[in-house]
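To be precise, the following lines are final25.txt, and they hold compact mmCIF, C-alpha atoms.
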```txt
# COMPACT_ATOMS: atom_id res chain seq x y z
CA MET A 1 0.00 0.00 0.00
CA ALA A 2 2.64 2.51 -1.03
CA THR A 3 -0.06 5.09 -1.75
CA GLU A 4 -1.05 5.27 1.90
CA THR A 5 2.27 6.59 3.07
CA THR A 6 3.76 8.09 -0.10
CA PRO A 7 1.01 9.59 -2.29
CA MET A 8 1.87 9.30 -5.98
CA ASN A 9 1.13 11.74 -8.74
CA LEU A 10 -1.56 10.84 -11.25
CA LEU A 11 -2.21 13.66 -13.63
CA THR A 12 -0.23 15.68 -16.14
CA ALA A 13 -1.13 19.15 -17.42
CA ASP A 14 -1.57 17.54 -20.82
CA VAL A 15 -4.15 15.02 -19.57
CA LEU A 16 -6.02 17.75 -17.69
CA LEU A 17 -6.20 19.98 -20.79
CA ASN A 18 -7.37 17.05 -22.94
CA ASN A 19 -10.08 16.21 -20.40
CA TRP A 20 -11.25 19.82 -20.39
CA GLN A 21 -11.24 20.12 -24.18
CA GLY A 22 -13.24 16.85 -24.36
CA HIS A 23 -15.84 18.42 -22.07
CA ARG A 24 -15.74 21.62 -24.12
CA ARG A 25 -16.42 19.67 -27.32
CA LEU A 26 -19.49 18.17 -25.62
CA THR A 27 -20.62 21.62 -24.43
CA ARG A 28 -20.23 22.95 -27.98
CA LYS A 29 -22.51 20.15 -29.24
CA THR A 30 -24.99 21.05 -26.50
CA ILE A 31 -25.03 24.70 -27.63
CA GLU A 32 -25.53 23.52 -31.22
CA ALA A 33 -28.45 21.29 -30.23
CA PHE A 34 -30.56 24.28 -29.13
CA PRO A 35 -32.77 26.09 -31.62
CA GLU A 36 -31.44 29.67 -31.71
CA ASP A 37 -34.40 31.30 -29.96
CA LYS A 38 -34.54 28.65 -27.21
CA LEU A 39 -30.79 28.99 -26.60
CA PHE A 40 -31.31 32.61 -25.60
CA GLN A 41 -34.79 32.50 -24.12
CA PHE A 42 -35.85 29.08 -22.85
CA SER A 43 -35.32 27.87 -19.31
CA VAL A 44 -36.95 25.77 -16.58
CA GLY A 45 -37.76 26.78 -13.00
CA GLY A 46 -36.85 30.45 -13.47
CA MET A 47 -33.22 29.61 -14.20
CA ARG A 48 -30.94 31.23 -16.81
CA PRO A 49 -31.19 30.29 -20.51
CA PHE A 50 -28.33 28.04 -21.70
CA ALA A 51 -26.68 30.90 -23.66
CA GLU A 52 -26.13 32.70 -20.32
CA MET A 53 -24.47 29.60 -18.89
CA ALA A 54 -22.24 29.20 -21.96
CA TRP A 55 -21.31 32.87 -21.67
CA GLU A 56 -20.29 32.18 -18.06
CA PHE A 57 -18.05 29.29 -19.21
CA ILE A 58 -16.40 31.62 -21.73
CA ARG A 59 -15.84 34.34 -19.14
CA MET A 60 -14.15 31.78 -16.89
CA ALA A 61 -12.02 29.60 -19.20
CA VAL A 62 -9.24 31.70 -20.72
CA PRO A 63 -9.18 34.31 -17.89
CA ILE A 64 -8.65 31.49 -15.35
CA VAL A 65 -5.87 29.91 -17.39
CA GLU A 66 -4.22 33.33 -17.74
CA GLY A 67 -4.67 34.04 -14.03
CA VAL A 68 -3.23 30.69 -12.95
CA SER A 69 -0.41 31.14 -15.44
CA THR A 70 0.60 34.71 -14.63
CA GLY A 71 -1.01 35.65 -11.29
CA LYS A 72 -2.83 38.47 -13.11
CA TRP A 73 -6.60 38.12 -12.86
CA LYS A 74 -8.45 40.02 -15.56
CA GLU A 75 -12.16 39.93 -16.36
CA PHE A 76 -12.97 38.65 -19.84
CA GLU A 77 -13.44 41.47 -22.31
CA ALA A 78 -15.71 40.91 -25.30
CA GLU A 79 -19.18 41.84 -26.37
CA LYS A 80 -21.78 39.40 -25.07
CA PRO A 81 -22.87 37.20 -28.00
CA SER A 82 -26.44 37.68 -29.18
CA SER A 83 -26.56 34.86 -31.74
CA LYS A 84 -25.63 31.18 -31.77
CA ASN A 85 -22.98 31.85 -34.43
CA GLU A 86 -21.30 34.58 -32.39
CA LEU A 87 -21.33 32.33 -29.33
CA LEU A 88 -19.78 29.42 -31.25
CA ARG A 89 -17.19 31.72 -32.82
CA LEU A 90 -16.07 32.90 -29.37
CA TRP A 91 -16.12 29.27 -28.20
CA ASP A 92 -13.80 28.15 -31.00
CA LYS A 93 -11.48 31.11 -30.45
CA GLN A 94 -11.12 30.01 -26.80
CA THR A 95 -10.46 26.41 -27.86
CA THR A 96 -7.41 27.61 -29.78
CA GLU A 97 -6.32 29.99 -27.01
CA LEU A 98 -6.59 27.28 -24.34
CA ASN A 99 -4.41 24.96 -26.43
CA GLU A 100 -1.82 27.72 -26.71
CA LYS A 101 -1.93 29.07 -23.15
CA PHE A 102 -2.52 26.00 -21.00
CA PRO A 103 0.84 24.30 -21.77
CA LYS A 104 2.60 27.51 -20.76
CA ILE A 105 1.27 27.46 -17.17
CA PRO A 106 4.40 27.20 -14.99
CA THR A 107 4.17 23.88 -13.15
CA HIS A 108 4.51 25.35 -9.67
CA ARG A 109 1.42 27.50 -10.27
CA PHE A 110 -0.87 24.43 -10.24
CA ASN A 111 -0.14 23.90 -6.57
CA GLU A 112 0.36 27.54 -5.57
CA VAL A 113 -2.51 29.17 -3.70
CA ASP A 114 -3.73 32.40 -5.32
CA LYS A 115 -6.85 34.54 -5.04
CA ALA A 116 -8.68 34.08 -8.34
CA PHE A 117 -10.11 37.42 -9.51
CA GLY A 118 -9.22 38.79 -6.08
CA LYS A 119 -11.98 36.67 -4.52
CA TRP A 120 -11.57 32.87 -4.54
CA GLU A 121 -8.51 31.56 -2.73
CA ALA A 122 -7.36 28.13 -3.96
CA PRO A 123 -4.43 26.33 -5.60
CA GLY A 124 -4.34 26.80 -9.40
CA LEU A 125 -5.37 23.20 -10.05
CA VAL A 126 -8.44 23.57 -7.84
CA THR A 127 -9.48 26.78 -9.61
CA ILE A 128 -9.12 25.11 -13.02
CA GLN A 129 -11.00 21.99 -11.85
CA TYR A 130 -13.73 24.28 -10.52
CA ALA A 131 -14.16 25.81 -13.98
CA ILE A 132 -14.46 22.31 -15.51
CA ASP A 133 -16.88 21.10 -12.81
CA ASN A 134 -18.98 24.26 -13.19
CA GLU A 135 -19.24 23.61 -16.93
CA ILE A 136 -20.31 19.96 -16.37
CA HIS A 137 -22.86 21.08 -13.75
CA HIS A 138 -24.56 23.72 -15.90
CA ARG A 139 -24.31 21.69 -19.11
CA GLY A 140 -26.28 18.98 -17.27
CA GLN A 141 -28.93 21.65 -16.69
CA GLY A 142 -28.88 22.43 -20.42
CA TYR A 143 -29.65 18.74 -21.01
CA VAL A 144 -32.86 19.14 -18.98
CA TYR A 145 -33.82 22.19 -21.05
CA LEU A 146 -33.26 20.17 -24.25
CA ARG A 147 -35.32 17.23 -22.94
CA ALA A 148 -38.09 19.62 -21.88
CA LEU A 149 -38.02 20.92 -25.48
CA GLY A 150 -38.28 17.35 -26.81
CA ILE A 151 -34.70 17.45 -28.14
CA GLU A 152 -32.24 14.56 -27.60
CA PRO A 153 -29.02 15.90 -26.01
CA PRO A 154 -25.61 14.70 -27.28
CA PRO A 155 -24.42 11.48 -25.56
CA PHE A 156 -22.63 12.39 -22.31
CA TRP A 157 -19.82 9.88 -22.87
CA GLU A 158 -18.87 11.17 -26.33
CA ARG A 159 -16.06 13.71 -26.10
CA GLY A 160 -14.63 13.52 -29.61
CA MET B 1 8.16 26.45 -20.31
CA ALA B 2 9.29 23.19 -18.73
CA THR B 3 5.75 21.79 -18.93
CA GLU B 4 5.81 21.75 -22.70
CA THR B 5 8.59 19.24 -22.95
CA THR B 6 8.48 17.48 -19.56
CA PRO B 7 4.89 17.26 -18.32
CA MET B 8 4.74 17.40 -14.54
CA ASN B 9 2.40 15.58 -12.24
CA LEU B 10 -0.33 17.54 -10.53
CA LEU B 11 -2.62 15.31 -8.58
CA THR B 12 -2.30 12.83 -5.74
CA ALA B 13 -4.75 10.02 -4.95
CA ASP B 14 -5.48 11.83 -1.73
CA VAL B 15 -6.47 15.08 -3.47
CA LEU B 16 -8.64 13.17 -5.95
CA LEU B 17 -10.47 11.33 -3.17
CA ASN B 18 -11.01 14.60 -1.25
CA ASN B 19 -12.39 16.25 -4.38
CA TRP B 20 -14.79 13.34 -4.92
CA GLN B 21 -15.92 13.27 -1.29
CA GLY B 22 -16.52 17.05 -1.48
CA HIS B 23 -18.78 16.46 -4.48
CA ARG B 24 -20.45 13.56 -2.67
CA ARG B 25 -21.22 15.80 0.32
CA LEU B 26 -22.90 18.24 -2.06
CA THR B 27 -24.86 15.41 -3.71
CA ARG B 28 -25.97 14.23 -0.26
CA LYS B 29 -27.31 17.73 0.50
CA THR B 30 -29.09 17.69 -2.88
CA ILE B 31 -30.80 14.38 -2.00
CA GLU B 32 -31.78 15.85 1.38
CA ALA B 33 -33.26 18.97 -0.25
CA PHE B 34 -35.96 16.92 -2.05
CA PRO B 35 -39.27 16.22 -0.37
CA GLU B 36 -39.46 12.41 -0.10
CA ASP B 37 -42.21 11.90 -2.68
CA LYS B 38 -40.60 14.25 -5.21
CA LEU B 39 -37.23 12.51 -4.80
CA PHE B 40 -38.77 9.29 -6.10
CA GLN B 41 -41.41 10.62 -8.47
CA PHE B 42 -40.72 14.13 -9.78
CA SER B 43 -38.82 14.87 -12.98
CA VAL B 44 -38.74 17.26 -15.94
CA GLY B 45 -38.87 16.42 -19.66
CA GLY B 46 -39.56 12.70 -19.14
CA MET B 47 -36.22 12.16 -17.41
CA ARG B 48 -35.52 9.96 -14.36
CA PRO B 49 -36.39 11.14 -10.84
CA PHE B 50 -33.35 12.20 -8.80
CA ALA B 51 -33.51 9.05 -6.61
CA GLU B 52 -32.76 6.98 -9.75
CA MET B 53 -29.75 9.16 -10.52
CA ALA B 54 -28.48 8.86 -6.93
CA TRP B 55 -28.94 5.09 -7.16
CA GLU B 56 -26.79 5.16 -10.31
CA PHE B 57 -24.03 7.07 -8.44
CA ILE B 58 -24.13 4.42 -5.68
CA ARG B 59 -23.94 1.55 -8.16
CA MET B 60 -20.87 3.18 -9.73
CA ALA B 61 -18.80 4.52 -6.82
CA VAL B 62 -17.54 1.61 -4.71
CA PRO B 63 -17.68 -0.98 -7.56
CA ILE B 64 -15.46 1.31 -9.69
CA VAL B 65 -12.96 1.83 -6.88
CA GLU B 66 -12.88 -1.93 -6.28
CA GLY B 67 -12.52 -2.62 -10.01
CA VAL B 68 -9.70 -0.12 -10.48
CA SER B 69 -8.06 -1.46 -7.34
CA THR B 70 -8.28 -5.20 -8.04
CA GLY B 71 -9.15 -5.64 -11.73
CA LYS B 72 -12.32 -7.47 -10.63
CA TRP B 73 -15.47 -5.73 -11.89
CA LYS B 74 -18.54 -6.66 -9.89
CA GLU B 75 -22.01 -5.12 -10.14
CA PHE B 76 -23.20 -3.46 -6.95
CA GLU B 77 -25.35 -5.77 -4.86
CA ALA B 78 -27.96 -4.24 -2.59
CA GLU B 79 -31.68 -3.76 -2.55
CA LYS B 80 -32.73 -0.59 -4.38
CA PRO B 81 -33.67 2.00 -1.74
CA SER B 82 -37.33 2.96 -1.59
CA SER B 83 -37.09 5.76 0.97
CA LYS B 84 -34.89 8.82 1.45
CA ASN B 85 -33.53 7.36 4.70
CA GLU B 86 -32.51 4.09 3.05
CA LEU B 87 -30.84 6.02 0.23
CA LEU B 88 -28.90 8.24 2.65
CA ARG B 89 -27.91 5.22 4.76
CA LEU B 90 -26.41 3.53 1.68
CA TRP B 91 -24.77 6.84 0.73
CA ASP B 92 -23.07 7.16 4.12
CA LYS B 93 -21.97 3.52 4.06
CA GLN B 94 -20.23 4.20 0.73
CA THR B 95 -18.60 7.36 2.10
CA THR B 96 -16.86 5.20 4.72
CA GLU B 97 -16.03 2.44 2.23
CA LEU B 98 -14.53 4.91 -0.24
CA ASN B 99 -12.30 6.35 2.49
CA GLU B 100 -11.12 2.82 3.30
CA LYS B 101 -10.74 1.44 -0.22
CA PHE B 102 -9.52 4.39 -2.28
CA PRO B 103 -6.12 4.76 -0.53
CA LYS B 104 -5.48 1.06 -1.20
CA ILE B 105 -5.65 1.42 -5.00
CA PRO B 106 -2.19 0.36 -6.23
CA THR B 107 -0.63 3.42 -7.87
CA HIS B 108 0.07 1.75 -11.21
CA ARG B 109 -3.64 0.95 -11.60
CA PHE B 110 -4.52 4.65 -12.07
CA ASN B 111 -2.68 4.66 -15.38
CA GLU B 112 -3.31 1.04 -16.40
CA VAL B 113 -5.96 0.52 -19.07
CA ASP B 114 -8.70 -1.92 -18.02
CA LYS B 115 -12.19 -2.74 -19.28
CA ALA B 116 -14.54 -1.46 -16.58
CA PHE B 117 -17.39 -3.95 -16.04
CA GLY B 118 -16.17 -5.75 -19.17
CA LYS B 119 -17.38 -2.81 -21.28
CA TRP B 120 -15.62 0.53 -20.95
CA GLU B 121 -11.91 0.52 -21.78
CA ALA B 122 -9.94 3.30 -20.09
CA PRO B 123 -7.12 3.96 -17.61
CA GLY B 124 -8.26 3.70 -13.96
CA LEU B 125 -7.98 7.46 -13.43
CA VAL B 126 -10.25 8.16 -16.42
CA THR B 127 -12.86 5.68 -15.17
CA ILE B 128 -12.85 7.28 -11.70
CA GLN B 129 -13.03 10.79 -13.18
CA TYR B 130 -15.95 9.62 -15.33
CA ALA B 131 -17.84 8.56 -12.19
CA ILE B 132 -17.22 11.98 -10.62
CA ASP B 133 -18.17 13.87 -13.81
CA ASN B 134 -21.32 11.75 -14.19
CA GLU B 135 -22.32 12.65 -10.64
CA ILE B 136 -21.76 16.39 -11.27
CA HIS B 137 -23.73 16.18 -14.55
CA HIS B 138 -26.81 14.48 -13.09
CA ARG B 139 -26.70 16.44 -9.84
CA GLY B 140 -26.92 19.59 -11.98
CA GLN B 141 -30.11 18.09 -13.41
CA GLY B 142 -31.39 17.53 -9.87
CA TYR B 143 -30.85 21.27 -9.30
CA VAL B 144 -33.27 22.01 -12.15
CA TYR B 145 -35.84 19.65 -10.59
CA LEU B 146 -35.46 21.49 -7.27
CA ARG B 147 -35.83 24.91 -8.92
CA ALA B 148 -38.89 23.67 -10.83
CA LEU B 149 -40.31 22.63 -7.42
CA GLY B 150 -39.57 26.11 -6.02
CA ILE B 151 -36.79 24.74 -3.76
CA GLU B 152 -33.39 26.47 -3.45
CA PRO B 153 -30.60 23.93 -4.18
CA PRO B 154 -27.48 23.83 -1.95
CA PRO B 155 -24.73 26.28 -3.10
CA PHE B 156 -22.60 24.58 -5.79
CA TRP B 157 -19.33 25.88 -4.33
CA GLU B 158 -19.92 24.52 -0.82
CA ARG B 159 -18.31 21.11 -0.43
CA GLY B 160 -17.93 20.93 3.36
```

Spit out the file's structure as structure tokens when you get a sec.
Amino acid sequence: MATETTPMNLLTADVLLNNWQGHRRLTRKTIEAFPEDKLFQFSVGGMRPFAEMAWEFIRMAVPIVEGVSTGKWKEFEAEKPSSKNELLRLWDKQTTELNEKFPKIPTHRFNEVDKAFGKWEAPGLVTIQYAIDNEIHHRGQGYVYLRALGIEPPPFWERG
Amino acid sequence: MATETTPMNLLTADVLLNNWQGHRRLTRKTIEAFPEDKLFQFSVGGMRPFAEMAWEFIRMAVPIVEGVSTGKWKEFEAEKPSSKNELLRLWDKQTTELNEKFPKIPTHRFNEVDKAFGKWEAPGLVTIQYAIDNEIHHRGQGYVYLRALGIEPPPFWERG
């Protein structure tokens, strides 16, 4: 039971990025599955429409990677998308940016505690995992919206 | 940029287990937030009630940890809970079992590819992360059910 006394390391930055991008591909398919008007207007139980959730993911992703990387926490600056195409265009731009910026995070920053956006104190890895978990959580809510609209969501296990 | 050429390790088994148990505490609060009848009967868009989703989490958690640990994949054996108390009792039993069994996973098994339950081929870490992600995904759906019932879900960021 070596793991009980000497914990071993399991994850590389590369595997973490691939896992995130797999989730992001699934989220992109979820955005695509919505009819344009429902994406921006439909919700259940007084919650936000799925476009608002996707906009939240966008405002978190690259700014968090930049913050973990550099220690500089800047709010995302872009006009809020008002069409599915604009939203997907921003999404794809971030896909490229994440692939460029994530591998440049200095290794020590994953374990270093920092105050994300001056508010949330956690090690870099925890802040990044929070962004991924938040996306999974709200995308699951988007699945309910799709089902309520009679639309089959993309299979959860497909990340290609 | 050392990470680009020599990927570093980020995660210990201990951190992964703590992250999972934090999510499981939040899922437990989500189960508790449902009125008993709604837990077993209410849903949106023709989906499963939240008790069915929680039962899925239970059937995955300990069997996956045992499978990754030993290479033996056994279906979960227990009577399906028919009350909130029974469900929470099973939940708490698994919390203890996970704390006992997770630290005994041999380190090499996290990276070794195996066929979970004879069906899903992946490294142990990926199979465990899938169980966690699946729980986050469906718990997010439970949040929509709660909102549709006019009930405030537990805060997503609270894992204590």

* Asked: Which value, in Å to one decimal, gives the distance between CA of Asp37 (chain A) and CA of Gln141 (chain A)?
  -> 17.3 Å

* To do: Write out as a list in words the residues lying within 10 Å of Gly67 (chain A), counting all atoms listed in the file and excluding same-chain residues fewer than 3 positions away.
  => Val62, Pro63, Ile64, Thr70, Gly71, Lys72, Trp73, Lys74, Glu75, Ile105, Arg109, Asp114, Lys115, Ala116, Phe117, Gly124 and Thr127 of chain A

* Asked: Excluding same-chain residues fewer than 5 positions from region 17-27 of chain A, what lies within 10 Å of it counting only C-alpha atoms, as a PyMOL selection string?
  -> (chain A and resi 12+32-33+54+57+61+91-92+94-95+98-99+102-103+128-129+131-133+135-136+138-140+142+153-160) or (chain B and resi 126+129+133)

* Grab the CA of Pro49 (chain A) to CA of Tyr145 (chain A) distance for me, in Å with one decimal place. =>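 Pair CA of Pro49 (chain A) / CA of Tyr145 (chain A) returns 8.5 Å.
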
* In terms of the shortest atom-to-atom distance over only C-alpha atoms, which of B:Ser83, B:Thr96, B:Asn134, B:Thr107 is closest to Gln41 (chain B)? -> B:Ser83

List as a tab-separated table every residue of chain B that is in contact with chain A, defined as an atom at most 8 Å from one of its atoms (using all atoms listed in the file), together with the nearest atom pair and the distance in Å rounded to one decimal, sorted by chain and then rising number.
```
residue	atom	partner	partner_atom	distance
B:Met1	CA	A:Lys104	CA	5.7
B:Ala2	CA	A:Pro106	CA	7.3
B:Thr3	CA	A:Pro103	CA	6.2
B:Glu4	CA	A:Pro103	CA	5.7
B:Pro7	CA	A:Thr12	CA	5.8
B:Met8	CA	A:Thr12	CA	5.5
B:Asn9	CA	A:Thr12	CA	4.7
B:Leu10	CA	A:Leu11	CA	5.3
B:Leu11	CA	A:Asn9	CA	5.2
B:Thr12	CA	A:Asn9	CA	4.7
B:Ala13	CA	A:Pro7	CA	6.4
B:Asp14	CA	A:Pro7	CA	6.9
B:Val44	CA	A:Ala148	CA	6.4
B:Gly45	CA	A:Ala148	CA	4.0
B:Gly46	CA	A:Arg147	CA	7.3
B:Met47	CA	A:Arg147	CA	7.6
B:Pro103	CA	A:Glu4	CA	5.6
B:Lys104	CA	A:Met1	CA	5.7
B:Ile105	CA	A:Thr3	CA	7.4
B:Pro106	CA	A:Met1	CA	6.6
B:Thr107	CA	A:Thr3	CA	6.4
B:Phe110	CA	A:Leu10	CA	6.9
B:Asn111	CA	A:Leu10	CA	7.5
B:Leu125	CA	A:Leu10	CA	7.6
B:Asp133	CA	A:Ile136	CA	6.9
B:Ile136	CA	A:His137	CA	5.4
B:His137	CA	A:Gly140	CA	4.7
B:His138	CA	A:Gly140	CA	6.2
B:Arg139	CA	A:His137	CA	7.2
B:Gly140	CA	A:His137	CA	4.7
B:Gln141	CA	A:Gln141	CA	5.0
B:Tyr143	CA	A:Gln141	CA	7.6
B:Val144	CA	A:Gln141	CA	6.3
B:Tyr145	CA	A:Gly45	CA	7.8
B:Arg147	CA	A:Gly45	CA	4.9
B:Ala148	CA	A:Gly45	CA	4.0
B:Leu149	CA	A:Gly45	CA	7.4
B:Gly150	CA	A:Gly45	CA	7.2
```

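The spacing separating CA of Pro123 (chain B) from CA of Lys101 (chain B) amounts to 17.9 Å.
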
* Neighbour list for Lys80 (chain B) as a ChimeraX atom specification, cut-off 12 Å, only C-alpha atoms, skip fewer than 5 positions in-chain -> /B:40,51-56,58-59,86-90
